[in-house]
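Peer 1: This is my_file_2.txt (compact mmCIF, C-alpha atoms (C1' of nucleotides)).
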# COMPACT_ATOMS: atom_id res chain seq x y z
CA MET A 1 34.59 19.12 45.36
CA ALA A 2 34.53 22.05 42.96
CA ALA A 3 36.94 24.95 43.48
CA GLN A 4 39.64 23.74 45.83
CA LYS A 5 42.86 25.35 44.62
CA THR A 6 44.61 26.47 47.83
CA PRO A 7 42.00 29.15 48.47
CA SER A 8 43.17 29.70 52.04
CA PHE A 9 45.30 32.74 51.44
CA ASP A 10 43.56 34.77 48.78
CA PRO A 11 42.13 38.12 49.96
CA LEU A 12 38.49 37.10 49.55
CA THR A 13 38.86 34.00 51.69
CA LEU A 14 40.77 35.90 54.35
CA GLU A 15 38.02 38.49 54.38
CA VAL A 16 35.37 35.83 54.92
CA VAL A 17 37.48 34.20 57.62
CA ASP A 18 37.70 37.56 59.38
CA LEU A 19 33.95 38.01 59.14
CA ILE A 20 33.41 34.58 60.66
CA GLY A 21 35.83 35.53 63.42
CA THR A 22 33.74 38.62 64.12
CA VAL A 23 30.53 36.59 64.17
CA VAL A 24 32.13 34.15 66.60
CA ALA A 25 33.27 36.96 68.89
CA ARG A 26 29.87 38.66 68.81
CA TYR A 27 28.08 35.38 69.45
CA HIS A 28 30.23 34.64 72.46
CA GLU A 29 29.86 38.08 73.99
CA GLU A 30 26.12 37.80 73.74
CA TYR A 31 26.08 34.30 75.15
CA GLU A 32 28.15 35.30 78.17
CA GLU A 33 26.04 38.42 78.70
CA ALA A 34 22.83 36.41 78.59
CA ALA A 35 24.28 33.89 81.04
CA ALA A 36 25.49 36.64 83.36
CA GLU A 37 22.02 38.18 83.41
CA HIS A 38 20.92 34.94 85.04
CA ALA A 39 23.95 34.91 87.33
CA LEU A 40 25.34 31.92 85.46
CA THR A 41 28.82 31.31 84.07
CA GLY A 42 29.12 30.21 80.45
CA ALA A 43 29.78 26.61 81.44
CA GLN A 44 26.80 26.55 83.81
CA ALA A 45 24.53 28.01 81.13
CA ARG A 46 25.66 25.45 78.57
CA LEU A 47 25.17 22.55 80.96
CA LEU A 48 21.77 23.81 82.05
CA SER A 49 20.68 24.16 78.43
CA LEU A 50 21.70 20.58 77.74
CA LEU A 51 19.80 19.31 80.76
CA SER A 52 16.69 21.24 79.82
CA LEU A 53 16.35 18.88 76.85
CA GLU A 54 16.73 15.64 78.82
CA PRO A 55 18.38 14.24 81.98
CA LEU A 56 21.87 12.96 81.27
CA PRO A 57 24.51 10.86 83.04
CA MET A 58 27.44 12.88 84.31
CA ARG A 59 29.70 11.07 81.86
CA ARG A 60 27.57 12.05 78.88
CA LEU A 61 27.61 15.66 80.02
CA ALA A 62 31.39 15.64 80.05
CA GLN A 63 31.41 14.31 76.49
CA LYS A 64 28.94 16.95 75.33
CA LEU A 65 30.85 19.76 77.03
CA LYS A 66 34.17 18.35 75.82
CA CYS A 67 35.72 18.40 79.27
CA GLU A 68 36.81 15.88 81.89
CA PRO A 69 34.10 14.17 83.98
CA SER A 70 35.64 15.54 87.17
CA ASN A 71 34.76 19.06 86.07
CA VAL A 72 31.11 18.21 85.59
CA THR A 73 30.88 17.30 89.27
CA GLY A 74 31.64 20.87 90.26
CA ILE A 75 29.41 22.53 87.70
CA VAL A 76 26.44 20.36 88.64
CA ASP A 77 27.26 20.95 92.32
CA ARG A 78 26.88 24.70 91.82
CA LEU A 79 23.67 24.40 89.82
CA GLU A 80 22.33 22.01 92.45
CA ALA A 81 23.24 24.41 95.26
CA ARG A 82 21.12 27.02 93.52
CA GLY A 83 18.22 24.64 93.07
CA LEU A 84 18.48 24.66 89.28
CA ALA A 85 19.54 21.02 88.86
CA GLU A 86 19.48 17.75 90.79
CA ARG A 87 21.02 14.30 90.71
CA ARG A 88 18.86 11.20 90.32
CA PRO A 89 19.79 7.53 90.49
CA ASP A 90 19.68 5.52 87.28
CA PRO A 91 17.48 2.47 87.94
CA SER A 92 19.30 0.40 85.34
CA ASP A 93 22.84 1.02 86.62
CA ARG A 94 23.50 2.02 90.17
CA ARG A 95 26.87 3.49 89.29
CA VAL A 96 25.24 6.15 87.13
CA LYS A 97 23.86 9.45 88.34
CA LEU A 98 21.47 11.29 86.09
CA ALA A 99 21.67 15.06 86.21
CA ALA A 100 18.34 16.76 85.56
CA VAL A 101 16.91 20.27 85.68
CA THR A 102 14.49 21.22 88.41
CA GLU A 103 11.31 23.11 87.66
CA GLU A 104 13.14 26.34 88.38
CA GLY A 105 16.10 25.25 86.29
CA ARG A 106 13.83 24.63 83.34
CA ALA A 107 12.39 28.12 83.68
CA VAL A 108 15.85 29.68 83.81
CA ALA A 109 16.97 27.64 80.80
CA ARG A 110 13.92 28.81 78.88
CA SER A 111 14.52 32.41 79.81
CA LEU A 112 18.16 32.04 78.81
CA ARG A 113 17.18 30.57 75.47
CA LEU A 114 14.76 33.39 74.79
CA SER A 115 17.23 36.13 75.66
CA LEU A 116 19.77 34.45 73.39
CA ARG A 117 17.35 34.26 70.50
CA PHE A 118 16.58 37.88 71.03
CA ALA A 119 20.26 38.73 71.13
CA ARG A 120 20.76 37.00 67.80
CA GLU A 121 18.21 39.24 66.16
CA PRO A 122 20.80 40.38 63.59
CA LEU A 123 19.39 37.76 61.29
CA ALA A 124 16.32 39.96 61.13
CA GLY A 125 18.23 42.17 58.74
CA LEU A 126 18.19 39.41 56.13
CA SER A 127 15.24 38.57 53.92
CA ARG A 128 13.81 35.09 53.84
CA GLU A 129 15.62 34.35 50.58
CA GLU A 130 18.90 35.57 52.04
CA ARG A 131 18.48 33.42 55.12
CA MET A 132 17.88 30.40 52.90
CA SER A 133 21.00 31.26 50.98
CA LEU A 134 22.98 31.64 54.20
CA ARG A 135 21.67 28.32 55.46
CA GLY A 136 22.90 26.60 52.33
CA LEU A 137 26.33 28.18 52.42
CA LEU A 138 26.92 27.44 56.09
CA SER A 139 25.73 23.86 55.68
CA ARG A 140 28.12 23.23 52.83
CA MET A 141 30.92 24.93 54.72
CA LEU A 142 30.40 22.68 57.72
CA ASP A 143 30.00 19.53 55.62
CA ALA A 144 33.23 20.22 53.79
CA SER A 145 35.34 20.30 56.93
CA MET B 146 15.10 47.42 56.76
CA ALA B 147 13.26 44.97 54.51
CA ALA B 148 11.81 41.83 56.07
CA GLN B 149 11.69 42.42 59.79
CA LYS B 150 8.46 40.86 60.99
CA THR B 151 9.48 38.98 64.18
CA PRO B 152 11.61 36.55 62.23
CA SER B 153 13.31 35.21 65.35
CA PHE B 154 11.16 32.18 65.88
CA ASP B 155 10.32 30.83 62.49
CA PRO B 156 11.91 27.46 61.63
CA LEU B 157 14.22 28.82 58.97
CA THR B 158 15.73 31.45 61.25
CA LEU B 159 16.17 28.93 64.06
CA GLU B 160 17.89 26.62 61.64
CA VAL B 161 20.32 29.35 60.60
CA VAL B 162 20.90 30.25 64.24
CA ASP B 163 21.76 26.62 64.95
CA LEU B 164 24.17 26.53 62.02
CA ILE B 165 25.89 29.65 63.30
CA GLY B 166 26.12 28.01 66.72
CA THR B 167 27.83 25.03 65.11
CA VAL B 168 30.25 27.27 63.22
CA VAL B 169 31.06 29.07 66.46
CA ALA B 170 31.69 25.81 68.31
CA ARG B 171 33.87 24.45 65.50
CA TYR B 172 35.83 27.68 65.27
CA HIS B 173 36.54 27.66 68.98
CA GLU B 174 37.62 24.06 69.10
CA GLU B 175 40.07 24.70 66.31
CA TYR B 176 41.37 27.86 67.91
CA GLU B 177 42.00 26.12 71.22
CA GLU B 178 43.63 23.19 69.46
CA ALA B 179 45.92 25.46 67.50
CA ALA B 180 46.84 27.33 70.68
CA ALA B 181 47.47 24.08 72.55
CA GLU B 182 49.82 22.91 69.82
CA HIS B 183 51.97 25.88 70.77
CA ALA B 184 51.47 25.16 74.49
CA LEU B 185 49.39 28.33 74.82
CA THR B 186 46.01 28.84 76.43
CA GLY B 187 43.32 30.59 74.43
CA ALA B 188 43.79 33.84 76.31
CA GLN B 189 47.55 33.74 75.84
CA ALA B 190 47.14 33.05 72.12
CA ARG B 191 44.72 35.94 71.69
CA LEU B 192 46.95 38.34 73.58
CA LEU B 193 50.03 37.24 71.65
CA SER B 194 48.21 37.70 68.37
CA LEU B 195 47.25 41.24 69.35
CA LEU B 196 50.83 42.07 70.31
CA SER B 197 52.20 40.67 67.09
CA LEU B 198 50.52 43.59 65.31
CA GLU B 199 51.86 46.33 67.59
CA PRO B 200 53.05 46.92 71.16
CA LEU B 201 50.18 47.96 73.42
CA PRO B 202 49.74 49.42 76.92
CA MET B 203 48.42 46.93 79.46
CA ARG B 204 45.24 48.96 79.74
CA ARG B 205 44.56 48.78 76.00
CA LEU B 206 45.08 45.03 76.07
CA ALA B 207 42.45 44.68 78.76
CA GLN B 208 40.01 46.66 76.64
CA LYS B 209 40.74 44.55 73.57
CA LEU B 210 40.39 41.30 75.49
CA LYS B 211 37.32 42.60 77.31
CA CYS B 212 38.66 41.74 80.73
CA GLU B 213 39.94 43.62 83.78
CA PRO B 214 43.44 45.13 83.64
CA SER B 215 44.52 43.04 86.63
CA ASN B 216 44.11 39.89 84.56
CA VAL B 217 46.38 41.14 81.83
CA THR B 218 49.21 41.34 84.34
CA GLY B 219 49.13 37.57 84.82
CA ILE B 220 48.77 36.66 81.17
CA VAL B 221 51.67 38.89 80.15
CA ASP B 222 53.66 37.51 83.10
CA ARG B 223 53.29 33.99 81.71
CA LEU B 224 54.17 34.99 78.16
CA GLU B 225 57.13 36.94 79.49
CA ALA B 226 58.32 33.96 81.54
CA ARG B 227 58.41 31.96 78.31
CA GLY B 228 60.27 34.66 76.45
CA LEU B 229 57.41 35.35 74.06
CA ALA B 230 56.62 38.87 75.27
CA GLU B 231 58.26 41.69 77.21
CA ARG B 232 57.36 44.93 78.97
CA ARG B 233 58.83 48.23 77.80
CA PRO B 234 58.56 51.69 79.31
CA ASP B 235 56.49 54.27 77.47
CA PRO B 236 58.73 57.33 76.96
CA SER B 237 55.75 59.67 76.88
CA ASP B 238 54.12 58.49 80.12
CA ARG B 239 56.10 56.78 82.81
CA ARG B 240 53.00 55.21 84.32
CA VAL B 241 52.44 53.18 81.17
CA LYS B 242 54.05 49.83 80.34
CA LEU B 243 54.00 48.72 76.76
CA ALA B 244 53.67 44.98 76.21
CA ALA B 245 55.43 43.78 73.06
CA VAL B 246 56.27 40.47 71.41
CA THR B 247 59.83 39.26 71.35
CA GLU B 248 61.40 37.87 68.20
CA GLU B 249 60.40 34.39 69.33
CA GLY B 250 56.93 35.57 70.22
CA ARG B 251 56.46 36.96 66.75
CA ALA B 252 57.46 33.63 65.24
CA VAL B 253 55.02 31.74 67.46
CA ALA B 254 52.24 34.20 66.61
CA ARG B 255 52.93 33.72 62.94
CA SER B 256 52.92 29.96 63.24
CA LEU B 257 49.69 30.16 65.21
CA ARG B 258 48.10 32.32 62.55
CA LEU B 259 49.10 29.91 59.81
CA SER B 260 47.81 26.84 61.61
CA LEU B 261 44.53 28.63 62.21
CA ARG B 262 44.15 29.54 58.58
CA PHE B 263 44.82 25.96 57.72
CA ALA B 264 42.27 24.77 60.26
CA ARG B 265 39.64 26.98 58.67
CA GLU B 266 40.04 25.24 55.34
CA PRO B 267 36.30 24.41 55.24
CA LEU B 268 35.83 27.52 53.15
CA ALA B 269 37.67 25.64 50.46
CA GLY B 270 34.46 23.76 49.77
CA LEU B 271 32.85 26.95 48.50
CA SER B 272 33.39 28.41 45.05
CA ARG B 273 34.61 31.97 44.61
CA GLU B 274 31.07 33.14 43.87
CA GLU B 275 29.75 31.43 46.97
CA ARG B 276 32.41 32.99 49.15
CA MET B 277 31.50 36.40 47.77
CA SER B 278 27.88 35.71 48.56
CA LEU B 279 28.76 34.56 52.07
CA ARG B 280 30.84 37.67 52.60
CA GLY B 281 27.89 39.84 51.69
CA LEU B 282 25.44 38.00 53.90
CA LEU B 283 27.72 37.99 56.95
CA SER B 284 28.54 41.68 56.48
CA ARG B 285 24.89 42.63 56.39
CA MET B 286 24.15 40.40 59.36
CA LEU B 287 26.85 42.08 61.42
CA ASP B 288 25.88 45.59 60.31
CA ALA B 289 22.27 45.00 61.25
CA SER B 290 23.06 44.15 64.86
C1' DT C 291 42.75 64.15 92.19
C1' DA C 292 42.85 60.93 88.46
C1' DT C 293 45.14 57.25 85.98
C1' DT C 294 48.35 53.06 85.15
C1' DG C 295 49.77 48.95 86.49
C1' DT C 296 50.20 45.79 90.21
C1' DT C 297 49.07 42.96 94.24
C1' DA C 298 45.88 40.34 97.14
C1' DT C 299 41.85 37.66 97.33
C1' DA C 300 38.29 34.65 96.04
C1' DC C 301 35.72 31.97 92.66
C1' DT C 302 35.23 29.17 88.52
C1' DC C 303 36.92 26.13 84.96
C1' DT C 304 40.34 23.01 83.57
C1' DA C 305 43.23 18.50 83.49
C1' DT C 306 45.45 14.73 86.07
C1' DA C 307 45.57 11.18 89.29
C1' DA C 308 43.81 8.47 93.01
C1' DC C 309 39.76 6.80 95.28
C1' DT C 310 34.66 4.39 95.91
C1' DA C 311 31.02 1.86 94.50
C1' DT C 312 29.26 -0.59 91.43
C1' DA C 313 29.33 -3.79 87.18
C1' DT D 314 38.92 -6.05 85.63
C1' DA D 315 36.53 -2.25 83.91
C1' DT D 316 33.37 1.71 84.42
C1' DA D 317 30.78 5.93 86.74
C1' DG D 318 31.29 9.41 89.67
C1' DT D 319 33.93 11.74 93.09
C1' DT D 320 37.78 13.87 95.56
C1' DA D 321 42.26 16.11 95.79
C1' DT D 322 45.39 19.00 93.68
C1' DA D 323 47.39 22.44 90.84
C1' DG D 324 47.29 25.90 87.10
C1' DA D 325 44.91 29.44 84.60
C1' DG D 326 41.30 33.02 83.81
C1' DT D 327 38.12 36.08 85.92
C1' DA D 328 36.34 40.20 88.89
C1' DT D 329 36.86 43.18 92.93
C1' DA D 330 39.28 46.03 95.97
C1' DA D 331 43.33 48.26 97.69
C1' DC D 332 47.93 50.00 96.66
C1' DA D 333 52.29 52.56 94.61
C1' DA D 334 54.02 55.46 91.08
C1' DT D 335 53.09 58.98 88.03
C1' DA D 336 50.26 62.51 85.80
Any chance you could put this one into structure tokens?

Peer 2:
Amino acid sequence: MAAQKTPSFDPLTLEVVDLIGTVVARYHEEYEEAAAEHALTGAQARLLSLLSLEPLPMRRLAQKLKCEPSNVTGIVDRLEARGLAERRPDPSDRRVKLAAVTEEGRAVARSLRLSLRFAREPLAGLSREERMSLRGLLSRMLDAS
Amino acid sequence: MAAQKTPSFDPLTLEVVDLIGTVVARYHEEYEEAAAEHALTGAQARLLSLLSLEPLPMRRLAQKLKCEPSNVTGIVDRLEARGLAERRPDPSDRRVKLAAVTEEGRAVARSLRLSLRFAREPLAGLSREERMSLRGLLSRMLDAS
DNA sequence: TATTGTTATACTCTATAACTATA
DNA sequence: TATAGTTATAGAGTATAACAATA
């Protein structure tokens, strides 16, 4: 609520916006690369990562991935065909199918997560104090929007 | 070169990594939304934005978009069909086709750019000093990787 | 011979609409 | 009747391989 005087177009703000754009591009490249190393598409990697936390109804997956439920069918189909995921019935509602990772899927998800963390090593260049500072700034930035 | 002792897995770093992930997700949502408002896909919006700076050979576009040249053909086709872009011969090399924005394409690119800047207003929540600090941290992060 | 852009092909992701089986 | 998941369909992005025109 402090300095809010149309700061969108001043040079400093534009510079920061550009930097964020670069971070976003870099992040995505690395994510796609990491996924490709496991012969996964971006969408498959994202879905697998979600499932590695907990089994989810197809509908919930669509919400999390911000896509239509009909798309989730295909993505889970492909993961299932590779033995990385499976569908289970939901005892409490027979309409629902729970998607879940298999043992192998969990291993791939873990490997994916590790290679991502490694890829994001750039943070290593910042000291502990700087990372704390960055955490604060990003938090406030996200809260404000 | 300061604090570099396997900082990838400590809680603070993971927290920052998560925040960056959230920023990336937010950024992409807003980019896609802004593109959709102009009835453009993300790829079309990115290509149009590139062309609004200067005409480029198809090959260069593929490099900039990090995709195969054959894909650029289709994307430019669709922009051309809507009158937003056009192909011109390159006087110095008759193999080359230069893609360029039309007058209308330039206007759409400008409108797209403005709606994006507006969408990224979250920076408004940060004071001038904080934005300078953020600029420094992001720069160092990107340089380090 | 090498390079530029294109075409042809196949796969994935995407949204929409219609369908089924449950609730 | 409403909801969960699926199927069918069509459009767009993607990579690969083969091709024509030009260098």

Peer 1: Each side padded by 5 Å, which centre and which edge lengths in Å (one decimal) define the axis-aligned box around the listed atoms of segment 131-140 of chain A? Give them as JSON.

Peer 2:
{"center_x": 23.0, "center_y": 28.3, "center_z": 53.5, "size_x": 20.2, "size_y": 20.2, "size_z": 15.1}

Peer 1: For chain C, work out the contacting residues on chain B at 9 Å, counting all atoms listed in the file, and write them as a list in words.

Peer 2: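 Therefore, the residues near the partner are Met203, Arg204, Pro214, Ser215, Thr218, Arg239, Arg240, Val241 and Lys242 of chain B.
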
Peer 1: Have a look at atom CA of Leu40 of chain A and atom CA of Lys211 of chain B and let me know their distance in Å, one decimal.

Peer 2: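 Rounded to one decimal, the two atoms are 18.0 Å apart.
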
Peer 1: For each of D:DA331, D:DA336, D:DA325, D:DA317, take the minimum atom-to-atom distance to chain A, counting all atoms listed in the file, then give the residue where this is smallest.

Peer 2: D:DA317

Peer 1: At a cut-off of 12 Å, list the chain D residues touching chain B, using all atoms listed in the file, as a PyMOL selection string.

Peer 2: chain D and resi 324-330+333-336

Peer 1: Please, what distance in Å, to one decimal, runs between atom CA of Gly105 of chain A and atom CA of Ala81 of chain A?

Peer 2: 11.5 Å

Peer 1: Return the neighbours of chain B among the residues of chain A, cut-off 10 Å, counting only C-alpha atoms, as a compact mmCIF listing (two decimals) with C-alpha atoms, in the frame of the given file.

Peer 2:
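And here's out-v4.txt as it stands now:
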# COMPACT_ATOMS: atom_id res chain seq x y z
CA MET A 1 34.59 19.12 45.36
CA ALA A 2 34.53 22.05 42.96
CA ALA A 3 36.94 24.95 43.48
CA GLN A 4 39.64 23.74 45.83
CA LYS A 5 42.86 25.35 44.62
CA THR A 6 44.61 26.47 47.83
CA PRO A 7 42.00 29.15 48.47
CA SER A 8 43.17 29.70 52.04
CA PHE A 9 45.30 32.74 51.44
CA LEU A 12 38.49 37.10 49.55
CA THR A 13 38.86 34.00 51.69
CA LEU A 14 40.77 35.90 54.35
CA GLU A 15 38.02 38.49 54.38
CA VAL A 16 35.37 35.83 54.92
CA VAL A 17 37.48 34.20 57.62
CA ASP A 18 37.70 37.56 59.38
CA LEU A 19 33.95 38.01 59.14
CA ILE A 20 33.41 34.58 60.66
CA GLY A 21 35.83 35.53 63.42
CA THR A 22 33.74 38.62 64.12
CA VAL A 23 30.53 36.59 64.17
CA VAL A 24 32.13 34.15 66.60
CA ALA A 25 33.27 36.96 68.89
CA ARG A 26 29.87 38.66 68.81
CA TYR A 27 28.08 35.38 69.45
CA HIS A 28 30.23 34.64 72.46
CA GLU A 29 29.86 38.08 73.99
CA LYS A 66 34.17 18.35 75.82
CA LEU A 114 14.76 33.39 74.79
CA ARG A 117 17.35 34.26 70.50
CA PHE A 118 16.58 37.88 71.03
CA ALA A 119 20.26 38.73 71.13
CA ARG A 120 20.76 37.00 67.80
CA GLU A 121 18.21 39.24 66.16
CA PRO A 122 20.80 40.38 63.59
CA LEU A 123 19.39 37.76 61.29
CA ALA A 124 16.32 39.96 61.13
CA GLY A 125 18.23 42.17 58.74
CA LEU A 126 18.19 39.41 56.13
CA SER A 127 15.24 38.57 53.92
CA ARG A 128 13.81 35.09 53.84
CA GLU A 130 18.90 35.57 52.04
CA ARG A 131 18.48 33.42 55.12
CA MET A 132 17.88 30.40 52.90
CA SER A 133 21.00 31.26 50.98
CA LEU A 134 22.98 31.64 54.20
CA ARG A 135 21.67 28.32 55.46
CA GLY A 136 22.90 26.60 52.33
CA LEU A 137 26.33 28.18 52.42
CA LEU A 138 26.92 27.44 56.09
CA SER A 139 25.73 23.86 55.68
CA ARG A 140 28.12 23.23 52.83
CA MET A 141 30.92 24.93 54.72
CA LEU A 142 30.40 22.68 57.72
CA ASP A 143 30.00 19.53 55.62
CA ALA A 144 33.23 20.22 53.79
CA SER A 145 35.34 20.30 56.93

Peer 1: For the atom pair atom CA of Ala184 of chain B and atom CA of Leu257 of chain B, what is the interatomic distance in Å to one decimal place?

Peer 2: 10.7 Å

Peer 1: Determine, counting all atoms listed in the file, which protein, DNA and RNA residues have an atom within 10 Å of an atom of segment 229-231 of chain B; residues of the same chain fewer than 6 positions away are not included. Present the result as JSON, numbers by chain.

Peer 2: {"B": [192, 193, 196, 197, 200, 221, 222, 223, 242, 243, 244, 245, 246, 247, 248, 249, 250, 251, 252, 253, 254]}

Peer 1: Mind listing whatever residues come within 8 Å of the point (46.8, 29.2, 67.4)? Use only C-alpha atoms (C1' of nucleotides), file coordinates, and give them as JSON, numbers by chain.

Peer 2: {"B": [176, 177, 178, 179, 180, 181, 182, 183, 185, 187, 190, 254, 256, 257, 258, 259, 260, 261]}
